[in-house]
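One file, start-v6.cif, carrying mmCIF, C-alpha atoms:
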data_coords
#
loop_
_atom_site.label_atom_id
_atom_site.label_comp_id
_atom_site.auth_asym_id
_atom_site.auth_seq_id
_atom_site.Cartn_x
_atom_site.Cartn_y
_atom_site.Cartn_z
CA GLY A 21 17.33 -174.14 -122.82
CA GLU A 22 19.83 -176.88 -123.39
CA ASP A 23 23.24 -175.90 -124.67
CA VAL A 24 26.30 -178.03 -125.37
CA GLU A 25 29.66 -176.50 -126.24
CA GLN A 26 32.97 -177.86 -127.45
CA SER A 27 36.24 -176.42 -128.61
CA LEU A 28 36.31 -176.32 -132.38
CA PHE A 29 39.69 -177.76 -133.20
CA LEU A 30 42.40 -180.02 -131.77
CA SER A 31 45.66 -181.03 -133.38
CA VAL A 32 47.90 -183.81 -132.03
CA ARG A 33 50.74 -185.99 -133.20
CA GLU A 34 50.30 -189.68 -133.84
CA GLY A 35 50.91 -191.67 -130.66
CA ASP A 36 50.00 -188.81 -128.33
CA SER A 37 46.84 -188.71 -126.25
CA SER A 38 43.96 -186.49 -127.32
CA VAL A 39 41.54 -184.89 -124.90
CA ILE A 40 38.34 -183.40 -126.23
CA ASN A 41 36.26 -181.35 -123.83
CA CYS A 42 32.57 -180.59 -123.67
CA THR A 43 30.36 -178.53 -121.38
CA TYR A 44 26.61 -178.74 -121.10
CA THR A 45 23.89 -176.89 -119.25
CA ASP A 46 21.05 -179.37 -118.70
CA SER A 47 21.41 -180.76 -115.18
CA SER A 48 18.68 -183.32 -115.84
CA SER A 49 20.71 -185.13 -118.51
CA THR A 50 20.49 -188.89 -118.14
CA TYR A 51 23.13 -190.02 -120.60
CA LEU A 52 26.03 -188.29 -122.29
CA TYR A 53 27.51 -189.51 -125.53
CA TRP A 54 30.50 -189.22 -127.78
CA TYR A 55 30.03 -189.69 -131.51
CA LYS A 56 32.57 -189.68 -134.33
CA GLN A 57 31.79 -188.34 -137.80
CA GLU A 58 34.02 -188.77 -140.81
CA PRO A 59 33.56 -186.59 -143.92
CA GLY A 60 30.27 -187.19 -145.69
CA ALA A 61 29.25 -189.94 -143.31
CA GLY A 62 26.79 -190.49 -140.51
CA LEU A 63 27.61 -190.62 -136.84
CA GLN A 64 29.34 -193.53 -135.18
CA LEU A 65 28.56 -194.08 -131.51
CA LEU A 66 31.90 -194.30 -129.71
CA THR A 67 30.85 -194.50 -126.12
CA TYR A 68 28.37 -193.14 -123.61
CA ILE A 69 28.17 -192.64 -119.88
CA PHE A 70 25.28 -192.64 -117.48
CA SER A 71 24.96 -189.45 -115.50
CA ASN A 72 25.57 -191.12 -112.13
CA MET A 73 29.00 -192.34 -113.23
CA ASP A 74 32.15 -190.27 -113.24
CA MET A 75 34.37 -192.40 -115.44
CA LYS A 76 34.11 -195.03 -118.13
CA GLN A 77 36.93 -196.74 -119.97
CA ASP A 78 36.60 -198.64 -123.22
CA GLN A 79 39.89 -199.75 -124.78
CA ARG A 80 41.65 -196.55 -125.94
CA LEU A 81 38.77 -194.34 -124.89
CA THR A 82 38.28 -192.84 -121.45
CA VAL A 83 35.28 -190.69 -120.61
CA LEU A 84 35.33 -188.44 -117.57
CA LEU A 85 32.20 -186.77 -116.27
CA ASN A 86 32.16 -183.97 -113.73
CA LYS A 87 28.47 -183.57 -113.05
CA LYS A 88 28.95 -180.70 -110.64
CA ASP A 89 30.70 -178.62 -113.29
CA LYS A 90 28.68 -180.15 -116.16
CA HIS A 91 31.91 -181.06 -117.90
CA LEU A 92 32.51 -184.11 -120.06
CA SER A 93 35.75 -185.17 -121.67
CA LEU A 94 36.92 -187.85 -124.05
CA ARG A 95 40.50 -189.05 -123.91
CA ILE A 96 41.86 -191.06 -126.82
CA ALA A 97 45.07 -192.87 -125.95
CA ASP A 98 47.73 -193.55 -128.59
CA THR A 99 45.93 -191.43 -131.17
CA GLN A 100 46.20 -192.70 -134.75
CA THR A 101 45.77 -190.91 -138.07
CA GLY A 102 42.56 -192.89 -138.53
CA ASP A 103 41.16 -191.07 -135.52
CA SER A 104 41.09 -187.82 -137.49
CA ALA A 105 37.43 -186.84 -137.67
CA ILE A 106 34.87 -184.59 -136.03
CA TYR A 107 33.84 -185.61 -132.53
CA PHE A 108 30.47 -184.62 -131.15
CA CYS A 109 29.40 -184.82 -127.57
CA ALA A 110 25.67 -185.01 -126.92
CA GLU A 111 23.48 -184.97 -123.89
CA ARG A 112 20.17 -186.72 -123.57
CA GLY A 113 17.56 -184.90 -121.59
CA SER A 114 13.84 -184.75 -121.78
CA PHE A 115 11.84 -186.93 -124.18
CA GLN A 116 14.94 -188.91 -125.13
CA LYS A 117 16.12 -186.11 -127.39
CA LEU A 118 19.81 -185.67 -128.03
CA VAL A 119 21.30 -182.20 -128.02
CA PHE A 120 24.61 -182.09 -129.82
CA GLY A 121 27.65 -179.98 -129.23
CA THR A 122 29.26 -177.93 -131.93
CA GLY A 123 31.76 -180.66 -132.75
CA THR A 124 35.54 -180.77 -132.37
CA ARG A 125 37.64 -181.38 -135.43
CA LEU A 126 40.55 -183.64 -134.48
CA LEU A 127 43.55 -183.65 -136.76
CA VAL A 128 46.22 -186.27 -136.17
CA SER A 129 49.52 -185.70 -137.90
CA PRO A 130 52.12 -188.43 -138.53
CA GLY B 250 26.33 -202.96 -133.04
CA ALA B 251 22.89 -202.16 -134.38
CA VAL B 252 22.65 -201.00 -137.99
CA VAL B 253 20.55 -198.14 -139.28
CA SER B 254 20.31 -197.96 -143.05
CA GLN B 255 19.49 -194.68 -144.74
CA HIS B 256 18.60 -194.35 -148.40
CA PRO B 257 19.47 -192.67 -150.67
CA SER B 258 22.96 -191.55 -149.71
CA TRP B 259 22.70 -188.53 -151.94
CA VAL B 260 20.06 -187.02 -154.15
CA ILE B 261 19.90 -184.11 -156.54
CA CYS B 262 16.50 -182.71 -157.46
CA LYS B 263 14.91 -179.71 -159.11
CA SER B 264 13.17 -176.96 -157.18
CA GLY B 265 9.52 -177.73 -156.58
CA THR B 266 9.87 -181.49 -156.57
CA SER B 267 9.53 -183.79 -153.56
CA VAL B 268 12.16 -186.13 -152.22
CA LYS B 269 11.65 -189.11 -149.93
CA ILE B 270 14.37 -190.35 -147.59
CA GLU B 271 14.09 -193.74 -145.91
CA CYS B 272 15.49 -194.79 -142.57
CA ARG B 273 15.48 -198.47 -141.67
CA SER B 274 16.63 -200.30 -138.59
CA LEU B 275 18.03 -203.51 -140.02
CA ASP B 276 18.48 -205.76 -137.02
CA PHE B 277 16.30 -204.21 -134.36
CA GLN B 278 12.91 -202.64 -133.84
CA ALA B 279 12.53 -198.99 -132.95
CA THR B 280 9.36 -197.36 -131.71
CA THR B 281 11.05 -193.98 -131.94
CA MET B 282 13.28 -192.56 -134.64
CA PHE B 283 14.74 -189.09 -134.88
CA TRP B 284 15.47 -186.90 -137.89
CA TYR B 285 18.33 -184.43 -137.85
CA ARG B 286 19.62 -181.85 -140.26
CA GLN B 287 23.24 -180.81 -140.54
CA PHE B 288 24.62 -177.83 -142.44
CA PRO B 289 28.24 -177.87 -143.60
CA LYS B 290 30.68 -177.68 -140.72
CA GLN B 291 27.90 -177.34 -138.22
CA SER B 292 26.31 -179.48 -135.57
CA LEU B 293 23.20 -181.60 -135.90
CA MET B 294 19.86 -179.98 -135.32
CA LEU B 295 16.90 -182.13 -134.33
CA MET B 296 14.02 -181.67 -136.72
CA ALA B 297 11.44 -184.12 -135.43
CA THR B 298 10.77 -187.21 -133.39
CA SER B 299 9.05 -189.97 -135.32
CA ASN B 300 6.80 -192.31 -133.36
CA GLU B 301 5.57 -195.60 -134.80
CA GLY B 302 1.85 -195.52 -135.41
CA SER B 303 1.34 -191.90 -134.43
CA LYS B 304 2.08 -188.38 -135.58
CA ALA B 305 5.60 -187.05 -135.46
CA THR B 306 6.60 -184.37 -132.99
CA TYR B 307 8.29 -181.44 -134.69
CA GLU B 308 10.80 -179.07 -133.16
CA GLN B 309 10.07 -175.39 -133.04
CA GLY B 310 10.62 -173.72 -136.38
CA VAL B 311 10.34 -176.90 -138.45
CA GLU B 312 7.44 -176.85 -140.90
CA LYS B 313 5.46 -180.06 -140.57
CA ASP B 314 3.79 -179.59 -143.96
CA LYS B 315 7.14 -179.26 -145.65
CA PHE B 316 8.91 -182.12 -143.91
CA LEU B 317 6.45 -184.99 -143.87
CA ILE B 318 7.34 -187.87 -141.59
CA ASN B 319 5.78 -191.29 -141.69
CA HIS B 320 6.66 -194.09 -139.27
CA ALA B 321 4.56 -196.96 -140.55
CA SER B 322 6.39 -199.84 -138.93
CA LEU B 323 8.85 -200.59 -136.16
CA THR B 324 11.72 -200.68 -138.66
CA LEU B 325 10.96 -197.88 -141.11
CA SER B 326 10.55 -194.14 -140.94
CA THR B 327 10.45 -191.85 -143.97
CA LEU B 328 11.08 -188.14 -144.35
CA THR B 329 9.63 -186.43 -147.41
CA VAL B 330 10.86 -182.98 -148.30
CA THR B 331 7.97 -181.47 -150.22
CA SER B 332 8.28 -178.73 -152.82
CA ALA B 333 12.02 -178.59 -152.27
CA HIS B 334 13.90 -175.31 -152.55
CA PRO B 335 17.65 -174.67 -152.70
CA GLU B 336 17.66 -173.64 -149.03
CA ASP B 337 16.52 -177.18 -148.17
CA SER B 338 19.87 -178.46 -149.44
CA SER B 339 21.49 -180.09 -146.46
CA PHE B 340 22.69 -183.34 -144.92
CA TYR B 341 19.81 -185.24 -143.32
CA ILE B 342 20.51 -187.97 -140.76
CA CYS B 343 18.16 -190.30 -138.96
CA SER B 344 18.71 -192.17 -135.74
CA ALA B 345 16.94 -194.96 -133.90
CA SER B 346 16.98 -196.53 -130.48
CA PRO B 347 16.33 -200.26 -130.10
CA VAL B 348 13.20 -201.17 -128.20
CA GLY B 349 14.11 -202.08 -124.65
CA THR B 350 17.36 -200.12 -124.60
CA ASN B 351 16.94 -196.60 -123.42
CA GLU B 352 20.49 -195.45 -123.68
CA LYS B 353 21.78 -196.21 -127.16
CA LEU B 354 21.01 -194.22 -130.27
CA PHE B 355 22.36 -195.40 -133.60
CA PHE B 356 22.62 -193.22 -136.66
CA GLY B 357 22.15 -193.79 -140.33
CA SER B 358 24.86 -192.84 -142.81
CA GLY B 359 23.01 -189.69 -143.85
CA THR B 360 21.51 -188.31 -147.05
CA GLN B 361 23.03 -185.36 -148.85
CA LEU B 362 20.24 -183.44 -150.56
CA SER B 363 21.07 -180.88 -153.22
CA VAL B 364 18.21 -178.86 -154.66
CA LEU B 365 18.94 -177.05 -157.92
#

Here is a file; write its structure as structure tokens.
Amino acid sequence: GEDVEQSLFLSVREGDSSVINCTYTDSSSTYLYWYKQEPGAGLQLLTYIFSNMDMKQDQRLTVLLNKKDKHLSLRIADTQTGDSAIYFCAERGSFQKLVFGTGTRLLVSP
Amino acid sequence: GAVVSQHPSWVICKSGTSVKIECRSLDFQATTMFWYRQFPKQSLMLMATSNEGSKATYEQGVEKDKFLINHASLTLSTLTVTSAHPEDSSFYICSASPVGTNEKLFFGSGTQLSVL
């Protein structure tokens, strides 16, 4: 079955870059996503990448996709304290369903 | 971006009662909406796929008689937790994809359900 895994925790200093990693198993994934969740809130779509792309950049966010290794990463440049949240990667496979990773808690210290 | 409104944001109810959660797409139409459940500090688990005008498709292990889903229009899906028990306490989140866009899924702000 589909499985998406992430490291649980990442701590960085304000101004540094953050890299959050994700691995998935479904080779038929069409889109891969990054969502941000703040405490007690829903999910905010940050960015997504089509499976035939290997990179996408959107302002401070850079997504890298290695389809061969089924590895997805999200790089946040110039990380701010407001970026502290839980980040979920998700892959979209059959029937448009999203399968979410375990989430990475990002803590940004001043 | 597209807005998905979920109501209520939180609800407390007694065991045995039913609770209805609404999910509305405010500025777009959605033929398909999804309902997820999230336990504290855990990931989101898909419960069911709600299709406008037809029966919902439930994931394995999700009781369709307990979690009733109705998708009566292109902008509204409802989830009713029937005969709620304390173990149903959880964070419920809906999502929707605008008609004509296959790639984007937008999420509601979630509903925290506490069953006493």

Give me, as a list in words, the residues of chain B touching chain A, with the criterion being at most 7 Å (counting only C-alpha atoms).
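Taken together, these residues fit the definition: Gln291, Ser292, Leu293, Ile342, Glu352, Phe355, Phe356, Gly357, Ser358 and Gly359 of chain B.
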
Mind checking which residues fall within 12 Å of Ala321 (chain B), counting all atoms listed in the file, ignoring those fewer than 4 positions away in the same chain, and posting them as a PyMOL selection string?
chain B and resi 271-273+279-282+299-305+325-328

Saved selection, atoms kept: C-alpha atoms, as a compact mmCIF listing (two decimals), keeping the file's coordinate frame:
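Output file result-v6.txt follows:
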# COMPACT_ATOMS: atom_id res chain seq x y z
CA GLU B 271 14.09 -193.74 -145.91
CA CYS B 272 15.49 -194.79 -142.57
CA ARG B 273 15.48 -198.47 -141.67
CA ALA B 279 12.53 -198.99 -132.95
CA THR B 280 9.36 -197.36 -131.71
CA THR B 281 11.05 -193.98 -131.94
CA MET B 282 13.28 -192.56 -134.64
CA SER B 299 9.05 -189.97 -135.32
CA ASN B 300 6.80 -192.31 -133.36
CA GLU B 301 5.57 -195.60 -134.80
CA GLY B 302 1.85 -195.52 -135.41
CA SER B 303 1.34 -191.90 -134.43
CA LYS B 304 2.08 -188.38 -135.58
CA ALA B 305 5.60 -187.05 -135.46
CA LEU B 325 10.96 -197.88 -141.11
CA SER B 326 10.55 -194.14 -140.94
CA THR B 327 10.45 -191.85 -143.97
CA LEU B 328 11.08 -188.14 -144.35

Kindly give the distance, in Å, that separates CA of Gly102 (chain A) and CA of Phe29 (chain A), rounded to a single decimal.
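Atom-to-atom, CA of Gly102 (chain A) to CA of Phe29 (chain A), that is 16.3 Å.
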
What's around region 81-94 of chain A at 7 Å? Count all atoms listed in the file, leave out sequence neighbours fewer than 4 positions away in its own chain, and write the answer as a VMD selection string.
chain A and resid 39 to 45 74 to 77

Have a look at CA of Leu28 (chain A) and CA of Lys290 (chain B) and let me know their distance in Å, one decimal.
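Between these atoms lies a distance of 10.2 Å.
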
Pick out the residues sitting within 10 Å of Leu275 (chain B), and hand them over as a list in words; count all atoms listed in the file, and ignore anything fewer than 5 positions along from it in its own chain.
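Listing them by chain and then by number gives Ala251, Val252, Val253, Ser254, Thr324 and Leu325 of chain B.
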
Suppose you want the space between CA of Val24 (chain A) and CA of Gln361 (chain B); what is it in Å?
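Interatomic distance, CA of Val24 (chain A) to CA of Gln361 (chain B): 24.8 Å.
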
Within 6 Å of (22.7, -182.8, -119.9) (file coordinates; all atoms listed in the file), which protein or nucleic acid residues are there? I'd like them as a ChimeraX atom specification.
/A:44,46-49,111-113

Would you kindly translate the PyMOL selection byres ((chain B and resi 265) around 12) into the concrete residues it picks from this file, as a VMD selection string?
chain B and resid 262 to 264 266 to 268 315 330 to 337 364 to 365

Which is closest to Phe277 (chain B) among B:Leu362, B:Ala297, B:Leu323, B:Cys343, if we use all atoms listed in the file?
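Ranking B:Leu362, B:Ala297, B:Leu323, B:Cys343 by distance to Phe277 (chain B), first place goes to B:Leu323.
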
Which residues, protein or nucleic acid, reach to within 9 Å of (11.5, -182.6, -140.0) in the file's coordinates when using only C-alpha atoms, and can you give that as number ranges by chain?
B: 283-286, 295-298, 305-308, 311-313, 315-318, 328-330

Which residue, B:Thr360, B:Asp314, B:Phe288, B:Ser274, has the smallest gap to Ser346 (chain B) when you use only C-alpha atoms?
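That would be B:Ser274, the residue with the smallest distance to Ser346 (chain B).
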
Translate the PyMOL selection byres ((chain A and resi 101) around 12), as applied to the file shown, into an explicit residue set as a PyMOL selection string.
chain A and resi 31-36+38+96+98-100+102-105+126-130

Please reconstruct the missing atoms of region 276-301 of chain B (target: N, CA, C and O atoms) and return them as a short mmCIF file (atom, residue, chain, number, x, y, z; two decimals), keeping the file's coordinate frame.
data_model
loop_
_atom_site.label_atom_id
_atom_site.label_comp_id
_atom_site.auth_asym_id
_atom_site.auth_seq_id
_atom_site.Cartn_x
_atom_site.Cartn_y
_atom_site.Cartn_z
N ASP B 276 18.43 -204.58 -137.89
CA ASP B 276 18.48 -205.76 -137.02
C ASP B 276 17.85 -205.49 -135.66
O ASP B 276 18.13 -206.19 -134.69
N PHE B 277 17.00 -204.47 -135.60
CA PHE B 277 16.30 -204.21 -134.36
C PHE B 277 15.02 -203.43 -134.66
O PHE B 277 14.85 -202.89 -135.75
N GLN B 278 14.14 -203.40 -133.69
CA GLN B 278 12.91 -202.64 -133.84
C GLN B 278 13.04 -201.34 -133.04
O GLN B 278 13.66 -201.30 -131.97
N ALA B 279 12.43 -200.30 -133.58
CA ALA B 279 12.53 -198.99 -132.95
C ALA B 279 11.16 -198.32 -132.95
O ALA B 279 10.60 -198.06 -134.01
N THR B 280 10.64 -198.07 -131.77
CA THR B 280 9.36 -197.36 -131.71
C THR B 280 9.56 -195.87 -131.98
O THR B 280 8.64 -195.18 -132.39
N THR B 281 10.76 -195.40 -131.75
CA THR B 281 11.05 -193.98 -131.94
C THR B 281 12.28 -193.80 -132.82
O THR B 281 13.29 -194.46 -132.60
N MET B 282 12.14 -192.95 -133.81
CA MET B 282 13.28 -192.56 -134.64
C MET B 282 13.35 -191.04 -134.66
O MET B 282 12.34 -190.36 -134.45
N PHE B 283 14.53 -190.54 -134.90
CA PHE B 283 14.74 -189.09 -134.88
C PHE B 283 15.33 -188.65 -136.23
O PHE B 283 16.16 -189.35 -136.81
N TRP B 284 14.93 -187.47 -136.65
CA TRP B 284 15.47 -186.90 -137.89
C TRP B 284 16.23 -185.63 -137.56
O TRP B 284 15.72 -184.74 -136.88
N TYR B 285 17.47 -185.58 -138.07
CA TYR B 285 18.33 -184.43 -137.85
C TYR B 285 18.73 -183.81 -139.18
O TYR B 285 18.73 -184.47 -140.22
N ARG B 286 19.12 -182.56 -139.08
CA ARG B 286 19.62 -181.85 -140.26
C ARG B 286 20.98 -181.26 -139.88
O ARG B 286 21.16 -180.77 -138.76
N GLN B 287 21.90 -181.33 -140.81
CA GLN B 287 23.24 -180.81 -140.54
C GLN B 287 23.71 -179.97 -141.71
O GLN B 287 23.80 -180.44 -142.85
N PHE B 288 24.03 -178.71 -141.44
CA PHE B 288 24.62 -177.83 -142.44
C PHE B 288 26.13 -178.01 -142.41
O PHE B 288 26.69 -178.45 -141.41
N PRO B 289 26.79 -177.65 -143.53
CA PRO B 289 28.24 -177.87 -143.60
C PRO B 289 28.98 -177.28 -142.41
O PRO B 289 28.74 -176.14 -142.02
N LYS B 290 29.82 -178.08 -141.84
CA LYS B 290 30.68 -177.68 -140.72
C LYS B 290 29.89 -177.22 -139.51
O LYS B 290 30.40 -176.43 -138.70
N GLN B 291 28.70 -177.69 -139.38
CA GLN B 291 27.90 -177.34 -138.22
C GLN B 291 27.42 -178.60 -137.50
O GLN B 291 27.63 -179.71 -137.94
N SER B 292 26.80 -178.36 -136.38
CA SER B 292 26.31 -179.48 -135.57
C SER B 292 24.98 -180.00 -136.12
O SER B 292 24.45 -179.48 -137.09
N LEU B 293 24.48 -181.03 -135.49
CA LEU B 293 23.20 -181.60 -135.90
C LEU B 293 22.07 -180.90 -135.16
O LEU B 293 22.13 -180.68 -133.95
N MET B 294 21.03 -180.60 -135.91
CA MET B 294 19.86 -179.98 -135.32
C MET B 294 18.68 -180.94 -135.43
O MET B 294 18.35 -181.40 -136.53
N LEU B 295 18.05 -181.23 -134.31
CA LEU B 295 16.90 -182.13 -134.33
C LEU B 295 15.74 -181.46 -135.04
O LEU B 295 15.38 -180.32 -134.72
N MET B 296 15.17 -182.19 -136.00
CA MET B 296 14.02 -181.67 -136.72
C MET B 296 12.72 -182.20 -136.11
O MET B 296 11.77 -181.44 -135.90
N ALA B 297 12.69 -183.51 -135.89
CA ALA B 297 11.44 -184.12 -135.43
C ALA B 297 11.69 -185.48 -134.83
O ALA B 297 12.70 -186.12 -135.11
N THR B 298 10.75 -185.87 -134.00
CA THR B 298 10.77 -187.21 -133.39
C THR B 298 9.64 -188.00 -134.04
O THR B 298 8.48 -187.57 -134.01
N SER B 299 10.00 -189.14 -134.59
CA SER B 299 9.05 -189.97 -135.32
C SER B 299 8.61 -191.14 -134.45
O SER B 299 9.44 -191.90 -133.98
N ASN B 300 7.32 -191.26 -134.21
CA ASN B 300 6.80 -192.31 -133.36
C ASN B 300 5.97 -193.29 -134.19
O ASN B 300 5.07 -192.89 -134.93
N GLU B 301 6.27 -194.56 -134.05
CA GLU B 301 5.57 -195.60 -134.80
C GLU B 301 4.08 -195.58 -134.50
O GLU B 301 3.67 -195.60 -133.34
#
